[in-house]
Amino acid sequence: MGFGEKDLQKKAIPLVGFSGETANSLGEIVIQTYTGGINKHVRYLVIDRPSTDNVILRRPWLHLMKAIPSTYHQCVKFPTPWGVETIRGDREEARGCYNKALKCTANPPE
């Protein structure tokens, strides 16, 4: 994405995965993020781990966007000046990312 370590605000925050593994963040970065016609400055925690996700949206972003997530429908809806915007998940892409992450976990790089 063109960011380097100099762009990170150093902050080691422990994160616990769904299977109980723990990783510390490398830091955090604030990036102007364009979503559905809306520009917002969003704070991201950065980790150096194989993952099935590019980003995990948490409560602060959901509240900032006034968003309603649906895990069942794999989408997030939020209001914009032009109406309700919907971001949909891609099951095939998610499955491919998950399989790649499993391979990375089974054969970690040296």
# chains A, B, ... in the order shown; residues from 1 in each chain; ligands from 1
$ residues_around --residues "Glu21 in chain A" --least-positions-apart "5" --cutoff "12 Å" --atoms "only C-alpha atoms" --output "PDB file with N, CA and C atoms, in the first residue's frame"
ATOM      1  N   PRO A  14      -1.773  -6.350  22.427  1.00  0.00           N
ATOM      2  CA  PRO A  14      -1.991  -7.786  22.252  1.00  0.00           C
ATOM      3  C   PRO A  14      -3.354  -8.062  21.615  1.00  0.00           C
ATOM      4  N   LEU A  15      -3.355  -8.904  20.602  1.00  0.00           N
ATOM      5  CA  LEU A  15      -4.582  -9.309  19.919  1.00  0.00           C
ATOM      6  C   LEU A  15      -4.714 -10.822  20.054  1.00  0.00           C
ATOM      7  N   VAL A  16      -5.897 -11.286  20.361  1.00  0.00           N
ATOM      8  CA  VAL A  16      -6.136 -12.717  20.532  1.00  0.00           C
ATOM      9  C   VAL A  16      -7.022 -13.199  19.392  1.00  0.00           C
ATOM     10  N   ARG A  49       1.113 -11.076  10.311  1.00  0.00           N
ATOM     11  CA  ARG A  49       0.671 -12.466  10.417  1.00  0.00           C
ATOM     12  C   ARG A  49      -0.092 -12.835   9.153  1.00  0.00           C
ATOM     13  N   THR A 105      -0.101 -21.490   7.609  1.00  0.00           N
ATOM     14  CA  THR A 105      -0.006 -21.951   8.995  1.00  0.00           C
ATOM     15  C   THR A 105       0.618 -23.343   9.050  1.00  0.00           C
TER      16      THR A 105
END
$ atom_distance --atom1 "CA of Gln74 in chain A" --atom2 "CA of Thr86 in chain A"
10.2 Å
$ atom_distance --atom1 "CA of Glu93 in chain A" --atom2 "CA of Val30 in chain A"
26.4 Å
$ select_by_dssp --residues "chain A" --states "helix (DSSP H, G or I)" --output "list in words"
Glu5, Lys6, Asp7, Arg59, Pro60, Trp61, Leu62, His63, Leu64, Met65, Arg91, Glu92, Glu93, Ala94, Arg95, Gly96, Cys97, Tyr98, Asn99, Lys100, Ala101, Leu102, Lys103, Cys104, Thr105 and Ala106 of chain A
$ write_last_selection --atoms "C-alpha atoms" --output "JSON list (two decimals), in the first residue's frame"
[["chain", "number", "residue", "atom", "x", "y", "z"],
["A", 5, "GLU", "CA", 7.36, 1.60, 9.39],
["A", 6, "LYS", "CA", 7.90, 5.36, 9.64],
["A", 7, "ASP", "CA", 4.16, 5.82, 9.01],
["A", 59, "ARG", "CA", -17.16, -1.21, 16.63],
["A", 60, "PRO", "CA", -15.39, 2.17, 16.20],
["A", 61, "TRP", "CA", -15.68, 1.98, 12.39],
["A", 62, "LEU", "CA", -19.24, 0.63, 12.54],
["A", 63, "HIS", "CA", -20.27, 3.50, 14.83],
["A", 64, "LEU", "CA", -18.40, 6.09, 12.74],
["A", 65, "MET", "CA", -20.24, 4.92, 9.61],
["A", 91, "ARG", "CA", -17.74, -16.21, -0.34],
["A", 92, "GLU", "CA", -15.50, -17.69, -3.06],
["A", 93, "GLU", "CA", -12.75, -15.14, -2.41],
["A", 94, "ALA", "CA", -13.07, -15.64, 1.36],
["A", 95, "ARG", "CA", -12.78, -19.40, 0.93],
["A", 96, "GLY", "CA", -9.64, -18.99, -1.23],
["A", 97, "CYS", "CA", -8.05, -16.64, 1.34],
["A", 98, "TYR", "CA", -8.89, -19.06, 4.14],
["A", 99, "ASN", "CA", -7.28, -21.97, 2.28],
["A", 100, "LYS", "CA", -4.13, -19.91, 1.61],
["A", 101, "ALA", "CA", -3.91, -18.95, 5.29],
["A", 102, "LEU", "CA", -4.24, -22.61, 6.30],
["A", 103, "LYS", "CA", -1.35, -23.50, 3.98],
["A", 104, "CYS", "CA", 0.77, -20.70, 5.50],
["A", 105, "THR", "CA", -0.01, -21.95, 9.00],
["A", 106, "ALA", "CA", 0.80, -25.55, 8.05]]
$ select_by_dssp --residues "chain A" --states "strand (DSSP E)" --output "ChimeraX atom specification"
/A:14-16,22-24,27-35,38-46,68-70,75-80,83-88
$ write_last_selection --atoms "N, CA, C and O atoms" --output "compact mmCIF listing (two decimals), in the first residue's frame"
# COMPACT_ATOMS: atom_id res chain seq x y z
N PRO A 14 -1.77 -6.35 22.43
CA PRO A 14 -1.99 -7.79 22.25
C PRO A 14 -3.35 -8.06 21.62
O PRO A 14 -4.37 -7.50 22.03
N LEU A 15 -3.36 -8.90 20.60
CA LEU A 15 -4.58 -9.31 19.92
C LEU A 15 -4.71 -10.82 20.05
O LEU A 15 -3.74 -11.55 19.87
N VAL A 16 -5.90 -11.29 20.36
CA VAL A 16 -6.14 -12.72 20.53
C VAL A 16 -7.02 -13.20 19.39
O VAL A 16 -8.09 -12.64 19.14
N THR A 22 -2.03 -15.54 20.33
CA THR A 22 -1.85 -14.13 20.65
C THR A 22 -0.78 -13.53 19.76
O THR A 22 0.23 -14.18 19.49
N ALA A 23 -1.00 -12.32 19.30
CA ALA A 23 -0.02 -11.58 18.50
C ALA A 23 -0.05 -10.13 18.95
O ALA A 23 -1.11 -9.61 19.29
N ASN A 24 1.10 -9.49 18.97
CA ASN A 24 1.16 -8.07 19.28
C ASN A 24 1.11 -7.27 17.99
O ASN A 24 1.72 -7.66 16.99
N GLY A 27 1.86 -1.64 15.40
CA GLY A 27 1.51 -0.25 15.65
C GLY A 27 0.17 0.05 15.04
O GLY A 27 -0.58 -0.84 14.65
N GLU A 28 -0.13 1.33 14.94
CA GLU A 28 -1.39 1.73 14.32
C GLU A 28 -1.13 2.85 13.33
O GLU A 28 -0.12 3.55 13.40
N ILE A 29 -2.04 2.98 12.39
CA ILE A 29 -1.93 3.99 11.36
C ILE A 29 -3.32 4.54 11.08
O ILE A 29 -4.31 3.81 11.13
N VAL A 30 -3.39 5.83 10.81
CA VAL A 30 -4.66 6.45 10.43
C VAL A 30 -4.60 6.69 8.93
O VAL A 30 -3.69 7.34 8.43
N ILE A 31 -5.57 6.13 8.23
CA ILE A 31 -5.63 6.23 6.77
C ILE A 31 -6.98 6.78 6.36
O ILE A 31 -8.01 6.35 6.87
N GLN A 32 -6.97 7.75 5.44
CA GLN A 32 -8.23 8.22 4.89
C GLN A 32 -8.81 7.10 4.03
O GLN A 32 -8.15 6.61 3.11
N THR A 33 -10.01 6.67 4.37
CA THR A 33 -10.63 5.50 3.75
C THR A 33 -11.92 5.92 3.05
O THR A 33 -12.77 6.57 3.63
N TYR A 34 -12.02 5.53 1.78
CA TYR A 34 -13.19 5.84 0.96
C TYR A 34 -14.08 4.61 0.91
O TYR A 34 -13.66 3.55 0.47
N THR A 35 -15.29 4.75 1.42
CA THR A 35 -16.24 3.63 1.46
C THR A 35 -17.61 4.12 1.03
O THR A 35 -18.20 4.96 1.69
N ILE A 38 -18.17 7.82 0.90
CA ILE A 38 -17.87 8.55 2.14
C ILE A 38 -16.38 8.44 2.45
O ILE A 38 -15.82 7.35 2.45
N ASN A 39 -15.73 9.59 2.71
CA ASN A 39 -14.32 9.62 3.13
C ASN A 39 -14.26 9.82 4.64
O ASN A 39 -14.86 10.76 5.15
N LYS A 40 -13.55 8.95 5.33
CA LYS A 40 -13.36 9.08 6.78
C LYS A 40 -11.92 8.72 7.11
O LYS A 40 -11.31 7.87 6.46
N HIS A 41 -11.36 9.35 8.14
CA HIS A 41 -10.07 8.94 8.67
C HIS A 41 -10.32 7.77 9.61
O HIS A 41 -11.08 7.90 10.56
N VAL A 42 -9.69 6.64 9.32
CA VAL A 42 -9.91 5.42 10.08
C VAL A 42 -8.58 4.95 10.67
O VAL A 42 -7.56 4.94 9.99
N ARG A 43 -8.61 4.56 11.95
CA ARG A 43 -7.42 4.07 12.65
C ARG A 43 -7.38 2.54 12.49
O ARG A 43 -8.33 1.85 12.83
N TYR A 44 -6.25 2.04 11.98
CA TYR A 44 -6.05 0.61 11.78
C TYR A 44 -4.90 0.11 12.65
O TYR A 44 -3.87 0.78 12.76
N LEU A 45 -5.06 -1.06 13.25
CA LEU A 45 -3.95 -1.76 13.90
C LEU A 45 -3.28 -2.60 12.84
O LEU A 45 -3.95 -3.22 12.01
N VAL A 46 -1.95 -2.65 12.86
CA VAL A 46 -1.18 -3.40 11.86
C VAL A 46 -0.51 -4.58 12.54
O VAL A 46 0.13 -4.42 13.58
N ILE A 68 -24.69 -1.14 9.90
CA ILE A 68 -25.36 -2.32 10.44
C ILE A 68 -24.76 -3.54 9.73
O ILE A 68 -24.95 -3.72 8.53
N PRO A 69 -23.99 -4.38 10.47
CA PRO A 69 -23.44 -5.58 9.84
C PRO A 69 -24.40 -6.76 9.94
O PRO A 69 -25.17 -6.85 10.89
N SER A 70 -24.35 -7.64 8.96
CA SER A 70 -25.11 -8.89 9.01
C SER A 70 -24.17 -10.02 8.64
O SER A 70 -23.78 -10.15 7.48
N CYS A 75 -22.85 -8.96 4.73
CA CYS A 75 -22.84 -7.60 4.19
C CYS A 75 -22.88 -6.59 5.33
O CYS A 75 -23.12 -6.94 6.48
N VAL A 76 -22.57 -5.35 4.98
CA VAL A 76 -22.65 -4.23 5.90
C VAL A 76 -23.43 -3.14 5.17
O VAL A 76 -23.16 -2.84 4.00
N LYS A 77 -24.42 -2.55 5.84
CA LYS A 77 -25.20 -1.45 5.26
C LYS A 77 -25.01 -0.21 6.11
O LYS A 77 -24.91 -0.29 7.33
N PHE A 78 -24.93 0.95 5.43
CA PHE A 78 -24.77 2.21 6.15
C PHE A 78 -25.38 3.33 5.31
O PHE A 78 -25.46 3.25 4.09
N PRO A 79 -25.84 4.39 6.00
CA PRO A 79 -26.48 5.50 5.28
C PRO A 79 -25.44 6.42 4.63
O PRO A 79 -24.33 6.60 5.15
N THR A 80 -25.80 6.97 3.48
CA THR A 80 -25.00 7.99 2.80
C THR A 80 -25.96 9.10 2.39
O THR A 80 -27.19 8.92 2.44
N GLY A 83 -28.43 7.68 -0.19
CA GLY A 83 -29.23 6.49 0.11
C GLY A 83 -28.42 5.51 0.92
O GLY A 83 -27.35 5.82 1.44
N VAL A 84 -28.90 4.29 1.03
CA VAL A 84 -28.23 3.25 1.81
C VAL A 84 -27.23 2.52 0.92
O VAL A 84 -27.58 2.05 -0.17
N GLU A 85 -25.98 2.42 1.39
CA GLU A 85 -24.92 1.71 0.67
C GLU A 85 -24.76 0.33 1.28
O GLU A 85 -24.89 0.16 2.50
N THR A 86 -24.49 -0.67 0.44
CA THR A 86 -24.28 -2.04 0.90
C THR A 86 -22.93 -2.54 0.42
O THR A 86 -22.61 -2.42 -0.76
N ILE A 87 -22.14 -3.07 1.34
CA ILE A 87 -20.89 -3.74 0.99
C ILE A 87 -21.12 -5.22 1.22
O ILE A 87 -21.50 -5.64 2.30
N ARG A 88 -20.90 -6.02 0.18
CA ARG A 88 -21.16 -7.45 0.27
C ARG A 88 -19.85 -8.23 0.30
O ARG A 88 -18.89 -7.86 -0.37
$ atom_distance --atom1 "CA of Ile47 in chain A" --atom2 "CA of Lys11 in chain A"
10.7 Å
$ decode --residues "range 50-66 of chain A" --atoms "all heavy atoms" --output "PDB file, in the first residue's frame"
ATOM      1  N   PRO A  50      -0.004 -14.106   8.734  1.00  0.00           N
ATOM      2  CA  PRO A  50      -0.889 -14.547   7.655  1.00  0.00           C
ATOM      3  C   PRO A  50      -2.331 -14.461   8.146  1.00  0.00           C
ATOM      4  O   PRO A  50      -2.611 -14.787   9.303  1.00  0.00           O
ATOM      5  CB  PRO A  50      -0.491 -15.998   7.392  1.00  0.00           C
ATOM      6  CG  PRO A  50       0.645 -16.315   8.297  1.00  0.00           C
ATOM      7  CD  PRO A  50       0.869 -15.164   9.216  1.00  0.00           C
ATOM      8  N   SER A  51      -3.223 -14.001   7.303  1.00  0.00           N
ATOM      9  CA  SER A  51      -4.614 -13.838   7.725  1.00  0.00           C
ATOM     10  C   SER A  51      -5.557 -14.081   6.562  1.00  0.00           C
ATOM     11  O   SER A  51      -5.204 -13.853   5.405  1.00  0.00           O
ATOM     12  CB  SER A  51      -4.818 -12.419   8.271  1.00  0.00           C
ATOM     13  OG  SER A  51      -6.175 -12.211   8.582  1.00  0.00           O
ATOM     14  N   THR A  52      -6.739 -14.514   6.890  1.00  0.00           N
ATOM     15  CA  THR A  52      -7.774 -14.679   5.870  1.00  0.00           C
ATOM     16  C   THR A  52      -8.442 -13.345   5.562  1.00  0.00           C
ATOM     17  O   THR A  52      -9.214 -13.246   4.627  1.00  0.00           O
ATOM     18  CB  THR A  52      -8.848 -15.676   6.341  1.00  0.00           C
ATOM     19  OG1 THR A  52      -9.382 -15.205   7.579  1.00  0.00           O
ATOM     20  CG2 THR A  52      -8.260 -17.058   6.535  1.00  0.00           C
ATOM     21  N   ASP A  53      -8.150 -12.321   6.357  1.00  0.00           N
ATOM     22  CA  ASP A  53      -8.803 -11.023   6.200  1.00  0.00           C
ATOM     23  C   ASP A  53      -7.785  -9.942   5.833  1.00  0.00           C
ATOM     24  O   ASP A  53      -6.647  -9.974   6.300  1.00  0.00           O
ATOM     25  CB  ASP A  53      -9.487 -10.606   7.508  1.00  0.00           C
ATOM     26  CG  ASP A  53     -10.468 -11.655   7.997  1.00  0.00           C
ATOM     27  OD1 ASP A  53     -11.429 -11.927   7.253  1.00  0.00           O
ATOM     28  OD2 ASP A  53     -10.273 -12.197   9.092  1.00  0.00           O
ATOM     29  N   ASN A  54      -8.211  -8.989   5.018  1.00  0.00           N
ATOM     30  CA  ASN A  54      -7.390  -7.808   4.753  1.00  0.00           C
ATOM     31  C   ASN A  54      -7.547  -6.806   5.882  1.00  0.00           C
ATOM     32  O   ASN A  54      -6.626  -6.088   6.235  1.00  0.00           O
ATOM     33  CB  ASN A  54      -7.804  -7.132   3.437  1.00  0.00           C
ATOM     34  CG  ASN A  54      -7.475  -7.995   2.256  1.00  0.00           C
ATOM     35  OD1 ASN A  54      -6.507  -8.729   2.260  1.00  0.00           O
ATOM     36  ND2 ASN A  54      -8.298  -7.904   1.234  1.00  0.00           N
ATOM     37  N   VAL A  55      -8.760  -6.737   6.400  1.00  0.00           N
ATOM     38  CA  VAL A  55      -9.075  -5.794   7.471  1.00  0.00           C
ATOM     39  C   VAL A  55     -10.227  -6.369   8.282  1.00  0.00           C
ATOM     40  O   VAL A  55     -11.086  -7.073   7.744  1.00  0.00           O
ATOM     41  CB  VAL A  55      -9.441  -4.406   6.886  1.00  0.00           C
ATOM     42  CG1 VAL A  55     -10.726  -4.454   6.102  1.00  0.00           C
ATOM     43  CG2 VAL A  55      -9.523  -3.343   7.945  1.00  0.00           C
ATOM     44  N   ILE A  56     -10.213  -6.104   9.558  1.00  0.00           N
ATOM     45  CA  ILE A  56     -11.320  -6.505  10.425  1.00  0.00           C
ATOM     46  C   ILE A  56     -11.985  -5.226  10.913  1.00  0.00           C
ATOM     47  O   ILE A  56     -11.339  -4.384  11.542  1.00  0.00           O
ATOM     48  CB  ILE A  56     -10.830  -7.356  11.616  1.00  0.00           C
ATOM     49  CG1 ILE A  56     -10.190  -8.649  11.093  1.00  0.00           C
ATOM     50  CG2 ILE A  56     -11.987  -7.656  12.567  1.00  0.00           C
ATOM     51  CD1 ILE A  56      -9.538  -9.500  12.163  1.00  0.00           C
ATOM     52  N   LEU A  57     -13.233  -5.069  10.588  1.00  0.00           N
ATOM     53  CA  LEU A  57     -13.977  -3.870  10.983  1.00  0.00           C
ATOM     54  C   LEU A  57     -14.519  -4.065  12.389  1.00  0.00           C
ATOM     55  O   LEU A  57     -15.180  -5.052  12.666  1.00  0.00           O
ATOM     56  CB  LEU A  57     -15.124  -3.619  10.006  1.00  0.00           C
ATOM     57  CG  LEU A  57     -14.710  -3.445   8.554  1.00  0.00           C
ATOM     58  CD1 LEU A  57     -15.943  -3.346   7.664  1.00  0.00           C
ATOM     59  CD2 LEU A  57     -13.842  -2.215   8.401  1.00  0.00           C
ATOM     60  N   ARG A  58     -14.219  -3.101  13.248  1.00  0.00           N
ATOM     61  CA  ARG A  58     -14.655  -3.207  14.637  1.00  0.00           C
ATOM     62  C   ARG A  58     -15.695  -2.139  14.935  1.00  0.00           C
ATOM     63  O   ARG A  58     -16.062  -1.340  14.098  1.00  0.00           O
ATOM     64  CB  ARG A  58     -13.435  -3.051  15.551  1.00  0.00           C
ATOM     65  CG  ARG A  58     -12.432  -4.166  15.393  1.00  0.00           C
ATOM     66  CD  ARG A  58     -11.210  -3.996  16.284  1.00  0.00           C
ATOM     67  NE  ARG A  58     -11.498  -3.346  17.538  1.00  0.00           N
ATOM     68  CZ  ARG A  58     -10.807  -2.298  17.998  1.00  0.00           C
ATOM     69  NH1 ARG A  58      -9.825  -1.799  17.322  1.00  0.00           N
ATOM     70  NH2 ARG A  58     -11.121  -1.751  19.151  1.00  0.00           N
ATOM     71  N   ARG A  59     -16.132  -2.150  16.183  1.00  0.00           N
ATOM     72  CA  ARG A  59     -17.157  -1.215  16.631  1.00  0.00           C
ATOM     73  C   ARG A  59     -16.868   0.245  16.304  1.00  0.00           C
ATOM     74  O   ARG A  59     -17.766   0.965  15.864  1.00  0.00           O
ATOM     75  CB  ARG A  59     -17.381  -1.377  18.123  1.00  0.00           C
ATOM     76  CG  ARG A  59     -18.715  -1.922  18.466  1.00  0.00           C
ATOM     77  CD  ARG A  59     -18.876  -1.938  19.959  1.00  0.00           C
ATOM     78  NE  ARG A  59     -17.616  -2.221  20.617  1.00  0.00           N
ATOM     79  CZ  ARG A  59     -17.443  -3.150  21.532  1.00  0.00           C
ATOM     80  NH1 ARG A  59     -18.447  -3.856  21.945  1.00  0.00           N
ATOM     81  NH2 ARG A  59     -16.283  -3.369  22.066  1.00  0.00           N
ATOM     82  N   PRO A  60     -15.620   0.749  16.498  1.00  0.00           N
ATOM     83  CA  PRO A  60     -15.395   2.169  16.200  1.00  0.00           C
ATOM     84  C   PRO A  60     -15.746   2.541  14.753  1.00  0.00           C
ATOM     85  O   PRO A  60     -16.379   3.566  14.499  1.00  0.00           O
ATOM     86  CB  PRO A  60     -13.905   2.373  16.486  1.00  0.00           C
ATOM     87  CG  PRO A  60     -13.584   1.331  17.506  1.00  0.00           C
ATOM     88  CD  PRO A  60     -14.436   0.142  17.116  1.00  0.00           C
ATOM     89  N   TRP A  61     -15.356   1.685  13.787  1.00  0.00           N
ATOM     90  CA  TRP A  61     -15.683   1.976  12.390  1.00  0.00           C
ATOM     91  C   TRP A  61     -17.186   1.851  12.151  1.00  0.00           C
ATOM     92  O   TRP A  61     -17.787   2.688  11.471  1.00  0.00           O
ATOM     93  CB  TRP A  61     -14.929   1.033  11.445  1.00  0.00           C
ATOM     94  CG  TRP A  61     -15.175   1.370  10.000  1.00  0.00           C
ATOM     95  CD1 TRP A  61     -14.503   2.282   9.252  1.00  0.00           C
ATOM     96  CD2 TRP A  61     -16.183   0.810   9.141  1.00  0.00           C
ATOM     97  NE1 TRP A  61     -15.033   2.321   7.976  1.00  0.00           N
ATOM     98  CE2 TRP A  61     -16.061   1.423   7.889  1.00  0.00           C
ATOM     99  CE3 TRP A  61     -17.170  -0.151   9.319  1.00  0.00           C
ATOM    100  CZ2 TRP A  61     -16.880   1.111   6.815  1.00  0.00           C
ATOM    101  CZ3 TRP A  61     -17.997  -0.462   8.251  1.00  0.00           C
ATOM    102  CH2 TRP A  61     -17.848   0.159   7.017  1.00  0.00           C
ATOM    103  N   LEU A  62     -17.795   0.816  12.718  1.00  0.00           N
ATOM    104  CA  LEU A  62     -19.237   0.629  12.544  1.00  0.00           C
ATOM    105  C   LEU A  62     -20.008   1.823  13.086  1.00  0.00           C
ATOM    106  O   LEU A  62     -20.946   2.317  12.447  1.00  0.00           O
ATOM    107  CB  LEU A  62     -19.700  -0.664  13.231  1.00  0.00           C
ATOM    108  CG  LEU A  62     -19.156  -1.960  12.634  1.00  0.00           C
ATOM    109  CD1 LEU A  62     -19.481  -3.133  13.530  1.00  0.00           C
ATOM    110  CD2 LEU A  62     -19.682  -2.181  11.235  1.00  0.00           C
ATOM    111  N   HIS A  63     -19.594   2.336  14.254  1.00  0.00           N
ATOM    112  CA  HIS A  63     -20.267   3.500  14.831  1.00  0.00           C
ATOM    113  C   HIS A  63     -20.000   4.756  14.011  1.00  0.00           C
ATOM    114  O   HIS A  63     -20.909   5.555  13.788  1.00  0.00           O
ATOM    115  CB  HIS A  63     -19.812   3.712  16.277  1.00  0.00           C
ATOM    116  CG  HIS A  63     -20.373   2.691  17.215  1.00  0.00           C
ATOM    117  ND1 HIS A  63     -20.440   2.880  18.569  1.00  0.00           N
ATOM    118  CD2 HIS A  63     -20.894   1.459  17.003  1.00  0.00           C
ATOM    119  CE1 HIS A  63     -20.979   1.828  19.143  1.00  0.00           C
ATOM    120  NE2 HIS A  63     -21.255   0.949  18.214  1.00  0.00           N
ATOM    121  N   LEU A  64     -18.752   4.928  13.559  1.00  0.00           N
ATOM    122  CA  LEU A  64     -18.395   6.086  12.741  1.00  0.00           C
ATOM    123  C   LEU A  64     -19.250   6.144  11.478  1.00  0.00           C
ATOM    124  O   LEU A  64     -19.729   7.210  11.085  1.00  0.00           O
ATOM    125  CB  LEU A  64     -16.906   6.001  12.369  1.00  0.00           C
ATOM    126  CG  LEU A  64     -16.337   7.103  11.495  1.00  0.00           C
ATOM    127  CD1 LEU A  64     -16.264   8.412  12.285  1.00  0.00           C
ATOM    128  CD2 LEU A  64     -14.955   6.711  10.990  1.00  0.00           C
ATOM    129  N   MET A  65     -19.478   4.992  10.863  1.00  0.00           N
ATOM    130  CA  MET A  65     -20.237   4.922   9.613  1.00  0.00           C
ATOM    131  C   MET A  65     -21.744   4.749   9.845  1.00  0.00           C
ATOM    132  O   MET A  65     -22.502   4.742   8.898  1.00  0.00           O
ATOM    133  CB  MET A  65     -19.723   3.749   8.757  1.00  0.00           C
ATOM    134  CG  MET A  65     -18.288   3.902   8.312  1.00  0.00           C
ATOM    135  SD  MET A  65     -18.016   5.320   7.240  1.00  0.00           S
ATOM    136  CE  MET A  65     -18.850   4.786   5.755  1.00  0.00           C
ATOM    137  N   LYS A  66     -22.146   4.574  11.111  1.00  0.00           N
ATOM    138  CA  LYS A  66     -23.550   4.271  11.436  1.00  0.00           C
ATOM    139  C   LYS A  66     -23.998   3.018  10.686  1.00  0.00           C
ATOM    140  O   LYS A  66     -25.085   2.947  10.124  1.00  0.00           O
ATOM    141  CB  LYS A  66     -24.453   5.458  11.121  1.00  0.00           C
ATOM    142  CG  LYS A  66     -24.084   6.690  11.904  1.00  0.00           C
ATOM    143  CD  LYS A  66     -24.966   7.853  11.558  1.00  0.00           C
ATOM    144  CE  LYS A  66     -24.505   9.074  12.329  1.00  0.00           C
ATOM    145  NZ  LYS A  66     -25.106  10.291  11.863  1.00  0.00           N
TER     146      LYS A  66
END
